[in-house]
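Heads up, data-v6.cif below (mmCIF, C-alpha atoms):
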```cif
data_protein
loop_
_atom_site.label_atom_id
_atom_site.label_comp_id
_atom_site.auth_asym_id
_atom_site.auth_seq_id
_atom_site.Cartn_x
_atom_site.Cartn_y
_atom_site.Cartn_z
CA MET A 1259 114.02 123.25 105.99
CA SER A 1260 111.82 120.23 105.36
CA GLU A 1261 109.01 121.04 107.78
CA ASN A 1262 106.46 121.90 105.12
CA LEU A 1263 107.34 118.98 102.88
CA PRO A 1264 105.25 115.88 103.50
CA ASN A 1265 106.93 112.55 102.84
CA ARG A 1266 106.80 112.05 99.14
CA THR A 1267 108.46 109.52 96.93
CA ILE A 1268 110.33 111.00 94.04
CA LEU A 1269 111.78 109.11 91.11
CA VAL A 1270 115.26 110.14 90.03
CA ALA A 1271 116.09 108.73 86.62
CA GLU A 1272 119.61 109.70 85.68
CA ASP A 1273 122.36 107.61 84.13
CA ASP A 1274 125.26 109.66 85.48
CA PRO A 1275 126.03 108.23 88.95
CA ILE A 1276 127.53 111.46 90.26
CA SER A 1277 124.57 113.56 89.26
CA ARG A 1278 122.23 110.88 90.65
CA ARG A 1279 124.11 110.82 93.96
CA ILE A 1280 124.01 114.61 94.35
CA LEU A 1281 120.31 114.69 93.56
CA GLU A 1282 119.62 111.85 95.97
CA LYS A 1283 121.50 113.53 98.80
CA ASN A 1284 119.77 116.88 98.34
CA LEU A 1285 116.30 115.38 97.91
CA LYS A 1286 116.68 113.30 101.06
CA SER A 1287 117.78 116.34 103.03
CA TRP A 1288 114.54 118.03 101.92
CA GLY A 1289 112.47 115.13 103.23
CA TYR A 1290 111.83 113.16 100.05
CA GLU A 1291 112.02 109.40 99.69
CA THR A 1292 114.09 108.75 96.60
CA LEU A 1293 113.65 105.97 94.09
CA LEU A 1294 116.62 105.69 91.74
CA ALA A 1295 116.82 104.48 88.16
CA ASN A 1296 119.79 104.61 85.85
CA ASP A 1297 118.07 104.10 82.53
CA GLY A 1298 114.79 104.58 80.75
CA ARG A 1299 113.59 101.06 81.40
CA GLY A 1300 114.19 101.35 85.15
CA ALA A 1301 112.43 104.71 85.13
CA TRP A 1302 109.40 103.26 83.36
CA GLU A 1303 109.18 100.38 85.83
CA ALA A 1304 109.50 102.66 88.85
CA ILE A 1305 106.87 105.06 87.58
CA GLN A 1306 104.27 102.26 87.73
CA ARG A 1307 104.34 102.51 91.52
CA PRO A 1308 101.24 104.46 92.58
CA ASP A 1309 103.12 106.42 95.23
CA VAL A 1310 105.48 107.92 92.66
CA ARG A 1311 103.91 111.26 91.85
CA LEU A 1312 107.06 113.30 91.25
CA ALA A 1313 109.71 112.40 88.71
CA LEU A 1314 113.04 113.92 87.80
CA LEU A 1315 114.00 112.55 84.41
CA ASP A 1316 117.30 113.03 82.68
CA TRP A 1317 116.99 113.94 79.03
CA MET A 1318 119.65 111.54 77.80
CA MET A 1319 119.42 108.00 79.16
CA PRO A 1320 120.05 104.54 77.76
CA GLU A 1321 117.02 102.40 76.75
CA ALA A 1322 114.55 105.28 76.60
CA ASP A 1323 115.26 108.99 76.95
CA GLY A 1324 113.45 111.47 79.16
CA PRO A 1325 110.99 112.79 76.56
CA GLU A 1326 110.12 109.23 75.55
CA ILE A 1327 109.29 108.33 79.17
CA CYS A 1328 107.23 111.54 79.44
CA ARG A 1329 105.22 110.55 76.39
CA ARG A 1330 104.62 107.05 77.74
CA ILE A 1331 103.53 108.36 81.14
CA ARG A 1332 101.05 110.74 79.56
CA GLU A 1333 99.72 108.10 77.16
CA ALA A 1334 99.32 105.52 79.94
CA LYS A 1335 97.22 108.03 81.94
CA LYS A 1336 97.99 106.57 85.33
CA GLY A 1337 95.06 107.08 87.73
CA LYS A 1338 96.77 109.99 89.40
CA TYR A 1339 98.89 112.74 87.96
CA THR A 1340 102.68 112.44 87.86
CA TYR A 1341 104.55 115.72 87.91
CA ILE A 1342 107.58 115.48 85.63
CA LEU A 1343 110.64 117.67 85.66
CA LEU A 1344 113.11 117.07 82.83
CA LEU A 1345 116.81 117.60 83.40
CA THR A 1346 119.23 118.20 80.61
CA ALA A 1347 122.59 119.58 79.71
CA ARG A 1348 121.16 120.98 76.54
CA ASP A 1349 119.98 124.53 76.40
CA GLN A 1350 118.62 124.97 72.92
CA PRO A 1351 115.08 126.41 72.92
CA GLN A 1352 113.92 123.66 70.56
CA ASP A 1353 114.73 121.04 73.21
CA ILE A 1354 112.67 122.85 75.80
CA ILE A 1355 109.73 122.80 73.40
CA THR A 1356 110.26 119.11 72.58
CA GLY A 1357 110.40 118.24 76.28
CA LEU A 1358 107.29 120.19 77.17
CA GLN A 1359 105.41 118.84 74.16
CA ALA A 1360 106.29 115.31 75.27
CA GLY A 1361 104.38 116.03 78.48
CA ALA A 1362 106.98 117.36 80.92
CA ASP A 1363 105.68 119.92 83.40
CA ASP A 1364 108.95 121.69 83.93
CA TYR A 1365 112.48 121.77 82.72
CA MET A 1366 115.89 122.47 84.25
CA ILE A 1367 119.34 122.73 82.80
CA LYS A 1368 122.21 120.83 84.43
CA PRO A 1369 124.16 121.32 86.54
CA VAL A 1370 121.13 122.04 88.60
CA ASN A 1371 120.81 125.00 90.92
CA PHE A 1372 119.48 123.22 93.99
CA LEU A 1373 117.66 126.12 95.59
CA GLU A 1374 115.78 126.50 92.35
CA LEU A 1375 115.10 122.78 92.10
CA LYS A 1376 113.71 122.71 95.63
CA THR A 1377 111.33 125.56 94.85
CA ARG A 1378 110.25 124.04 91.55
CA LEU A 1379 109.48 120.74 93.26
CA GLN A 1380 107.31 122.61 95.73
CA THR A 1381 105.36 123.93 92.77
CA GLY A 1382 105.00 120.35 91.55
CA GLN A 1383 103.75 119.29 94.93
CA ARG A 1384 101.21 122.08 94.97
CA ILE A 1385 99.83 120.79 91.69
CA ILE A 1386 99.70 117.21 93.01
CA ASP A 1387 97.94 118.38 96.17
CA LEU A 1388 95.40 120.28 94.10
CA GLU A 1389 94.80 117.22 91.96
CA ASP A 1390 94.36 115.04 95.04
CA LYS A 1391 91.78 117.44 96.45
CA LEU A 1392 89.99 117.50 93.11
CA LEU A 1393 89.94 113.69 92.89
CA GLN A 1394 88.72 113.46 96.45
CA THR A 1395 85.88 115.88 95.74
CA GLN A 1396 85.07 114.01 92.54
CA ALA A 1397 84.91 110.72 94.43
CA GLN A 1398 82.62 112.30 97.03
CA MET A 1399 80.36 113.68 94.30
CA THR A 1400 80.22 110.29 92.57
CA GLU A 1401 79.39 108.65 95.88
CA LEU A 1402 76.63 111.16 96.53
CA ALA A 1403 75.23 110.74 93.05
CA THR A 1404 75.26 106.94 92.96
CA LYS A 1405 74.97 105.64 96.52
CA ASP A 1406 72.12 105.53 98.98
CA GLY A 1407 73.06 107.68 101.94
CA LEU A 1408 71.68 105.36 104.62
CA THR A 1409 72.56 101.85 103.49
CA LYS A 1410 75.55 102.73 101.25
CA LEU A 1411 73.97 100.45 98.67
CA TRP A 1412 73.61 101.78 95.10
CA ASN A 1413 70.77 104.23 94.72
CA ARG A 1414 67.72 103.67 92.56
CA THR A 1415 69.01 105.66 89.59
CA PHE A 1416 72.29 103.80 89.52
CA ILE A 1417 70.91 100.29 90.01
CA MET A 1418 68.31 100.80 87.26
CA LYS A 1419 71.00 102.02 84.90
CA PHE A 1420 73.17 99.04 85.81
CA LEU A 1421 70.24 96.70 85.21
CA ASP A 1422 69.61 98.17 81.75
CA GLU A 1423 73.27 97.97 80.79
CA GLU A 1424 73.66 94.41 82.03
CA LEU A 1425 70.51 93.33 80.19
CA ILE A 1426 72.00 94.65 76.95
CA ARG A 1427 75.24 92.81 77.67
CA ALA A 1428 73.33 89.62 78.54
CA GLY A 1429 71.42 89.91 75.26
CA ARG A 1430 74.66 90.21 73.35
CA THR A 1431 76.55 87.40 75.08
CA GLY A 1432 73.55 85.10 75.47
CA SER A 1433 74.20 84.67 79.19
CA PRO A 1434 71.25 84.91 81.60
CA LEU A 1435 70.75 87.79 84.01
CA SER A 1436 68.72 87.50 87.17
CA LEU A 1437 67.06 90.01 89.41
CA ILE A 1438 66.06 89.57 93.01
CA MET A 1439 63.72 92.05 94.69
CA LEU A 1440 63.22 91.74 98.37
CA ASP A 1441 61.80 93.60 101.28
CA LEU A 1442 61.74 93.27 105.03
CA ASP A 1443 58.71 91.57 106.53
CA PHE A 1444 56.67 93.81 108.83
CA PHE A 1445 59.15 96.62 108.49
CA LYS A 1446 56.47 99.23 109.07
CA LYS A 1447 55.74 97.59 112.38
CA ILE A 1448 59.39 97.87 113.46
CA ASN A 1449 59.36 101.56 112.54
CA ASP A 1450 56.07 102.20 114.27
CA GLU A 1451 56.83 100.29 117.45
CA ARG A 1452 60.54 100.94 117.90
CA GLY A 1453 61.11 104.15 116.02
CA HIS A 1454 62.68 105.04 112.70
CA ARG A 1455 66.22 105.03 114.03
CA THR A 1456 65.85 101.36 114.93
CA GLY A 1457 64.30 100.74 111.51
CA ASP A 1458 67.28 102.41 109.88
CA GLU A 1459 69.74 100.27 111.87
CA VAL A 1460 67.91 97.11 110.89
CA LEU A 1461 67.90 98.08 107.24
CA MET A 1462 71.63 98.85 107.38
CA ARG A 1463 72.39 95.48 108.96
CA ILE A 1464 70.36 93.63 106.31
CA ALA A 1465 72.23 95.58 103.61
CA GLU A 1466 75.51 94.34 105.12
CA ILE A 1467 74.37 90.72 105.15
CA LEU A 1468 73.28 90.93 101.53
CA THR A 1469 76.50 92.65 100.44
CA LYS A 1470 78.60 89.90 102.01
CA GLY A 1471 76.44 87.20 100.49
CA VAL A 1472 76.77 87.99 96.80
CA ARG A 1473 79.55 87.76 94.21
CA PRO A 1474 81.82 90.80 93.75
CA TYR A 1475 80.30 91.65 90.37
CA ASP A 1476 76.70 91.54 91.58
CA LYS A 1477 75.19 94.84 92.53
CA ILE A 1478 72.65 95.69 95.22
CA GLY A 1479 70.54 98.82 95.18
CA ARG A 1480 67.89 100.44 97.33
CA TYR A 1481 64.85 100.58 95.10
CA GLY A 1482 62.80 102.51 97.64
CA GLY A 1483 61.88 102.31 101.33
CA ASP A 1484 62.80 98.83 102.52
CA GLU A 1485 62.68 97.40 99.02
CA LEU A 1486 66.08 96.25 97.80
CA MET A 1487 67.14 95.02 94.40
CA LEU A 1488 69.95 92.62 93.52
CA VAL A 1489 71.20 92.50 89.94
CA LEU A 1490 73.04 89.24 89.24
CA PRO A 1491 74.80 89.10 85.87
CA ASN A 1492 75.52 85.69 84.35
CA CYS A 1493 73.17 83.94 86.76
CA ASP A 1494 70.18 81.79 85.73
CA ARG A 1495 66.79 81.39 87.39
CA GLY A 1496 67.78 78.29 89.35
CA ASP A 1497 70.90 79.88 90.84
CA ALA A 1498 69.05 83.12 91.58
CA GLY A 1499 66.49 81.09 93.56
CA LEU A 1500 69.26 79.38 95.53
CA ILE A 1501 71.02 82.67 96.26
CA ALA A 1502 67.77 84.31 97.36
CA GLU A 1503 66.95 81.37 99.59
CA ARG A 1504 70.42 81.44 101.18
CA LEU A 1505 70.15 85.19 101.81
CA ARG A 1506 66.67 84.71 103.28
CA ARG A 1507 68.04 82.09 105.69
CA GLU A 1508 71.02 84.27 106.67
CA CYS A 1509 68.76 87.26 107.41
CA ALA A 1510 66.35 85.14 109.42
CA ALA A 1511 69.19 83.63 111.46
CA GLU A 1512 70.70 87.02 112.28
CA GLN A 1513 70.02 88.42 115.72
CA ILE A 1514 70.20 92.13 115.05
CA ARG A 1515 71.19 94.15 118.09
CA VAL A 1516 69.90 97.69 118.14
CA TYR A 1517 70.29 99.91 121.21
CA GLY A 1518 70.78 96.87 123.42
CA LYS A 1519 67.76 94.99 122.11
CA VAL A 1520 67.69 91.97 119.85
CA ILE A 1521 65.46 92.10 116.80
CA ASN A 1522 64.75 89.22 114.46
CA VAL A 1523 63.86 90.21 110.94
CA THR A 1524 62.85 88.11 107.99
CA ILE A 1525 62.75 88.97 104.32
CA SER A 1526 60.60 87.98 101.38
CA ALA A 1527 62.12 87.78 97.94
CA GLY A 1528 61.02 87.51 94.34
CA CYS A 1529 63.30 86.39 91.53
CA ALA A 1530 63.11 86.74 87.77
CA SER A 1531 65.55 85.91 85.01
CA SER A 1532 66.07 87.22 81.52
CA ASP A 1533 66.03 83.68 80.12
CA HIS A 1534 62.42 83.25 81.23
CA LEU A 1535 61.18 86.43 79.61
CA VAL A 1536 60.40 87.30 76.02
CA ARG A 1537 62.50 90.31 74.94
CA PRO A 1538 63.51 91.19 78.49
CA THR A 1539 63.75 94.87 79.37
CA GLY A 1540 64.42 96.52 82.70
CA ASP A 1541 60.73 97.26 83.19
CA ARG A 1542 59.59 93.74 82.29
CA ILE A 1543 62.05 91.99 84.55
CA ILE A 1544 61.14 94.32 87.44
CA GLN A 1545 57.44 93.65 86.83
CA ALA A 1546 58.07 89.91 86.82
CA CYS A 1547 60.10 90.19 90.01
CA ASP A 1548 57.37 92.26 91.65
CA LYS A 1549 54.83 89.55 90.87
CA ALA A 1550 57.06 86.90 92.43
CA LEU A 1551 57.65 89.07 95.49
CA TYR A 1552 53.91 89.64 95.85
CA ARG A 1553 53.41 85.90 95.68
CA ALA A 1554 56.02 85.33 98.42
CA LYS A 1555 54.28 87.90 100.62
CA ALA A 1556 50.82 86.47 99.94
CA ALA A 1557 52.03 82.96 100.74
CA GLY A 1558 52.97 84.03 104.25
CA ARG A 1559 56.27 85.98 104.01
CA ASN A 1560 59.80 84.81 104.94
CA ARG A 1561 60.03 82.95 101.66
CA VAL A 1562 61.30 83.11 98.11
CA SER A 1563 59.23 82.96 94.99
CA ALA A 1564 60.37 82.97 91.38
CA PHE A 1565 58.76 84.08 88.14
CA PRO A 1566 57.01 82.43 86.36
CA ILE A 1567 55.11 81.38 89.44
CA ARG A 1568 55.00 77.66 90.00
CA LYS A 1569 53.70 76.19 93.17
CA THR A 1570 56.91 74.25 93.75
CA MET A 1571 59.00 77.41 93.66
CA ALA A 1572 57.27 79.04 96.60
CA ARG A 1573 59.45 77.51 99.27
CA ARG A 1574 58.05 76.74 102.65
CA ARG A 1575 59.58 78.44 105.56
CA THR A 1576 62.44 76.35 106.81
CA THR A 1577 63.33 78.07 110.06
CA MET B 926 134.54 132.71 82.99
CA THR B 927 138.18 132.94 81.84
CA ALA B 928 139.34 132.75 85.45
CA GLU B 929 137.22 129.62 85.93
CA ARG B 930 138.65 128.09 82.83
CA GLY B 931 142.08 128.72 84.24
CA ILE B 932 141.68 126.48 87.29
CA PRO B 933 140.80 122.75 87.04
CA MET B 934 138.14 122.91 89.73
CA ASN B 935 135.85 125.57 91.10
CA LYS B 936 135.84 124.17 94.62
CA ALA B 937 133.59 126.83 96.12
CA GLU B 938 130.90 126.18 93.55
CA ALA B 939 131.17 122.38 93.92
CA LEU B 940 130.96 122.61 97.70
CA ASP B 941 127.98 124.88 97.42
CA ARG B 942 126.22 122.27 95.31
CA VAL B 943 126.66 119.65 98.06
CA GLY B 944 125.70 121.95 100.89
CA GLY B 945 129.27 122.48 102.08
CA ASP B 946 129.77 118.79 102.89
CA LYS B 947 133.46 118.18 102.25
CA THR B 948 133.31 114.44 102.97
CA PHE B 949 130.50 114.06 100.48
CA LEU B 950 132.44 116.04 97.89
CA GLN B 951 135.37 113.67 98.39
CA GLU B 952 133.03 110.70 97.89
CA LEU B 953 131.89 112.26 94.62
CA LEU B 954 135.46 112.90 93.50
CA ASN B 955 136.24 109.23 94.11
CA MET B 956 133.23 108.31 92.02
CA TYR B 957 134.48 110.66 89.36
CA ALA B 958 137.87 108.92 89.31
CA THR B 959 136.16 105.58 88.63
CA GLN B 960 133.88 107.15 86.02
CA TYR B 961 136.77 108.85 84.35
CA ALA B 962 138.81 105.64 84.06
CA GLU B 963 135.84 103.66 82.69
CA LYS B 964 134.71 106.31 80.26
CA THR B 965 138.10 107.18 78.80
CA SER B 966 138.87 103.49 78.33
CA ALA B 967 135.52 103.07 76.56
CA MET B 968 136.30 106.17 74.47
CA GLU B 969 139.55 104.58 73.29
CA ASN B 970 137.64 101.48 72.20
CA ALA B 971 134.98 103.58 70.50
CA ILE B 972 137.64 105.56 68.62
CA HIS B 973 139.27 102.32 67.43
CA ALA B 974 135.92 101.02 66.28
CA ALA B 975 135.00 104.43 64.78
CA ASP B 976 131.74 104.19 66.75
CA PHE B 977 130.73 107.83 66.56
CA GLN B 978 127.50 107.42 68.48
CA ALA B 979 129.41 105.91 71.40
CA ILE B 980 132.04 108.66 71.18
CA ARG B 981 129.31 111.25 71.35
CA ASP B 982 127.43 109.58 74.22
CA LEU B 983 130.55 109.02 76.30
CA GLY B 984 131.64 112.61 75.74
CA HIS B 985 128.21 113.84 76.72
CA SER B 986 128.16 111.73 79.85
CA LEU B 987 131.61 112.75 81.05
CA LYS B 988 130.74 116.37 80.28
CA GLY B 989 127.78 116.10 82.66
CA SER B 990 129.80 114.49 85.47
CA SER B 991 132.51 117.13 85.09
CA ALA B 992 129.99 119.96 85.16
CA ASN B 993 128.43 118.55 88.32
CA LEU B 994 131.74 118.72 90.12
CA SER B 995 132.62 122.13 88.64
CA LEU B 996 135.56 120.86 86.62
CA PRO B 997 135.37 123.33 83.72
CA ARG B 998 138.51 122.29 81.87
CA LEU B 999 137.53 118.61 81.87
CA GLN B 1000 133.99 119.63 80.96
CA TYR B 1001 135.22 121.46 77.84
CA ALA B 1002 137.52 118.59 76.85
CA ALA B 1003 134.57 116.20 77.18
CA PHE B 1004 132.48 118.60 75.12
CA ASP B 1005 135.16 118.42 72.40
CA MET B 1006 134.76 114.62 72.48
CA GLU B 1007 130.98 114.89 72.15
CA THR B 1008 131.39 117.32 69.23
CA ALA B 1009 133.90 115.02 67.52
CA GLY B 1010 131.36 112.19 67.77
CA LEU B 1011 128.63 114.41 66.36
CA GLU B 1012 130.82 115.56 63.48
CA LYS B 1013 132.22 112.06 62.91
CA ASP B 1014 135.73 113.45 63.32
CA LEU B 1015 138.17 110.73 64.45
CA GLU B 1016 141.11 113.08 64.57
CA GLY B 1017 139.13 115.45 66.75
CA ALA B 1018 138.20 112.57 69.04
CA LEU B 1019 141.86 111.57 69.46
CA LYS B 1020 142.77 115.18 70.23
CA ALA B 1021 139.94 115.39 72.76
CA LEU B 1022 141.15 112.22 74.45
CA ASP B 1023 144.66 113.70 74.74
CA ARG B 1024 143.19 116.86 76.16
CA LEU B 1025 141.11 114.91 78.68
CA GLU B 1026 144.17 113.06 79.91
CA GLN B 1027 146.15 116.26 80.19
CA GLU B 1028 143.33 117.96 82.11
CA TYR B 1029 142.84 115.00 84.38
CA ARG B 1030 146.54 115.03 85.33
CA ARG B 1031 146.21 118.73 86.01
CA LEU B 1032 143.22 118.10 88.26
CA LYS B 1033 145.08 115.44 90.22
CA ASP B 1034 147.99 117.83 90.70
CA TYR B 1035 145.62 120.55 91.77
CA LEU B 1036 143.82 118.34 94.30
CA GLY B 1037 147.11 116.91 95.53
CA THR B 1038 148.29 120.35 96.64
CA PRO B 1039 146.52 121.73 99.69
#
```
Kindly present the structure from the file in structure tokens form.
Amino acid sequence: MSENLPNRTILVAEDDPISRRILEKNLKSWGYETLLANDGRGAWEAIQRPDVRLALLDWMMPEADGPEICRRIREAKKGKYTYILLLTARDQPQDIITGLQAGADDYMIKPVNFLELKTRLQTGQRIIDLEDKLLQTQAQMTELATKDGLTKLWNRTFIMKFLDEELIRAGRTGSPLSLIMLDLDFFKKINDERGHRTGDEVLMRIAEILTKGVRPYDKIGRYGGDELMLVLPNCDRGDAGLIAERLRRECAAEQIRVYGKVINVTISAGCASSDHLVRPTGDRIIQACDKALYRAKAAGRNRVSAFPIRKTMARRRTT
Amino acid sequence: MTAERGIPMNKAEALDRVGGDKTFLQELLNMYATQYAEKTSAMENAIHAADFQAIRDLGHSLKGSSANLSLPRLQYAAFDMETAGLEKDLEGALKALDRLEQEYRRLKDYLGTP
């Protein structure tokens, strides 16, 4: 009987112990995991669990009644949809309307006909499955629209948008924002001599090192080719320089293994900060960063340079 | 319907609701006995205190338990209690309590005979 029912957790909120026990027994025999509550408060607590997607709520319960819980669930807009079936001894049409208006998906009059309940829960599950598929597709679409397919870093469109938004926030809060632009030294040579697949692997490995090396609220994007961009909110020019230098060292120290061969890659980086620019905009900070990056390249690569360019900021190679 | 009202328990219907599991039905009847004792005692207190909301809620709750076990006569007596609470009718509540006790005795007799 339960072969087409995947394991699902269902909340049973019912103050009458006999009714609760009968529901529990039947639901378990159909393959559900049951979570029991005997009042509105218990129901509300249980519903916070993300795995609770199906709920059987009694109309009349102490603390908070079924329609009240329905309203709260719908107002709270939990990430995923909860399918709610209200149970009641009442059979006036006005109650059905009240229950459905409060956000219930379905409604049954007690004592429950269990064959009917089983079928109605299958309908609920169908809706949850559809929602899951929709959310999954949505997540895939968002990923496709915002991430770079190769490196899984943010794509250019997204990182530029993030930079603009964070600059506005930085302007409002008065905290500095820093940008690091970097690229791989002699990347063209790697591609030309070892093939693009090796180049891709190297780029992916560098992306991993960078991702591990920044704070959770920093964002890294692929600006184009082997040029990567790190947006560091609430980070001043000095700290940005230190972070860039640490990342440079980590990349240089990494022995990247591709198809059985070891490749050493270095990066050059340019930094710029909003607190060193007049009326900073996305374009201006990128321009400033570009200048610093150019300086790092011109000074011999495998180094970090910061805007405005000072001789002391162009660090000598340390490895 | 009249035939159902005549007997204290519609055993076939109750068994059907629990998938024919007689042991489980007995477990539920034991739960009912506890529920019944607690609820009727609380009803007495509520009647003394003229707490009509409690009278109504207790009646409603016992009505539900009775319906679940297909005990139509107890269900109707509990419904009388709920109505008395709703209509703020103390006399009606006392009558309903008498009726509940009478119906409960009848159920025990009925279940006691094979």
Please list as a PyMOL selection string every residue within 6 Å of segment 1483-1493 of chain A, counting all atoms listed in the file and excluding residues in the same chain fewer than 5 positions away. chain A and resi 1433-1441+1476-1478
Can you spell out as a ChimeraX atom specification the set of residues that the PyMOL selection byres ((chain A) within 12 of (chain B)) selects in the structure I just provided? /A:1272-1285,1287-1288,1316-1320,1345-1348,1367-1375
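Between atom CA of Met1418 of chain A and atom CA of Ala1546 of chain A there is a distance of 15.0 Å.
Across the model, the gap from atom CA of Ala974 of chain B to atom CA of Leu1015 of chain B is 10.1 Å.
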For the provided coordinates, the residues matched by the PyMOL selection byres ((chain A and resi 1469) around 12) should be stated as an MDAnalysis selection string. chainID A and resid 1409:1412 1462:1468 1470:1479 1486:1489 1505 1508:1509
Evaluate the PyMOL selection byres ((chain A and resi 1415) around 9) and record the selected residues as JSON, numbers by chain, following the chain and residue labels used in the document. {"A": [1403, 1404, 1412, 1413, 1414, 1416, 1417, 1418, 1419, 1420, 1479, 1481]}
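Atom CA of Arg1455 of chain A is positioned 17.1 Å from atom CA of Gln1513 of chain A.
The list of residues with at least one atom within 12 Å of Arg1024 of chain B, based on all atoms listed in the file and without residues fewer than 4 positions apart in the same chain, reads Thr965, Arg998, Leu999, Gln1000, Tyr1001, Ala1002, Ala1003, Phe1004, Asp1005, Met1006, Gly1017, Ala1018, Leu1019, Lys1020, Glu1028, Tyr1029, Arg1030 and Arg1031 of chain B.
Comparing the minimum interatomic distances between Ile972 of chain B and each of B:Leu996, B:Ala1009, B:Leu1025, B:Ala958, counting only C-alpha atoms, we find that B:Ala1009 sits nearest.
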Within 9 Å of Gly1357 of chain A using only C-alpha atoms, minus same-chain residues under 5 positions, as an MDAnalysis selection string: chainID A and resid 1317 1324:1325 1328 1344 1352 1362:1365
Residues at most 12 Å from Ala975 of chain B, counting all atoms listed in the file, excluding those fewer than 3 positions away in the same chain, as a PyMOL selection string? chain B and resi 967-972+978-981+1009-1019
Excluding same-chain residues fewer than 2 positions from segment 1379-1388 of chain A, what lies within 12 Å of it counting all atoms listed in the file, as a ChimeraX atom specification? /A:1260,1262-1268,1285,1288-1290,1309-1314,1338-1344,1362-1366,1372-1377,1390-1395
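Distances to Ile1514 of chain A were evaluated for A:Val1460, A:Leu1421, A:Ala1301, A:Leu1442 using only C-alpha atoms, and the minimum falls at A:Val1460.
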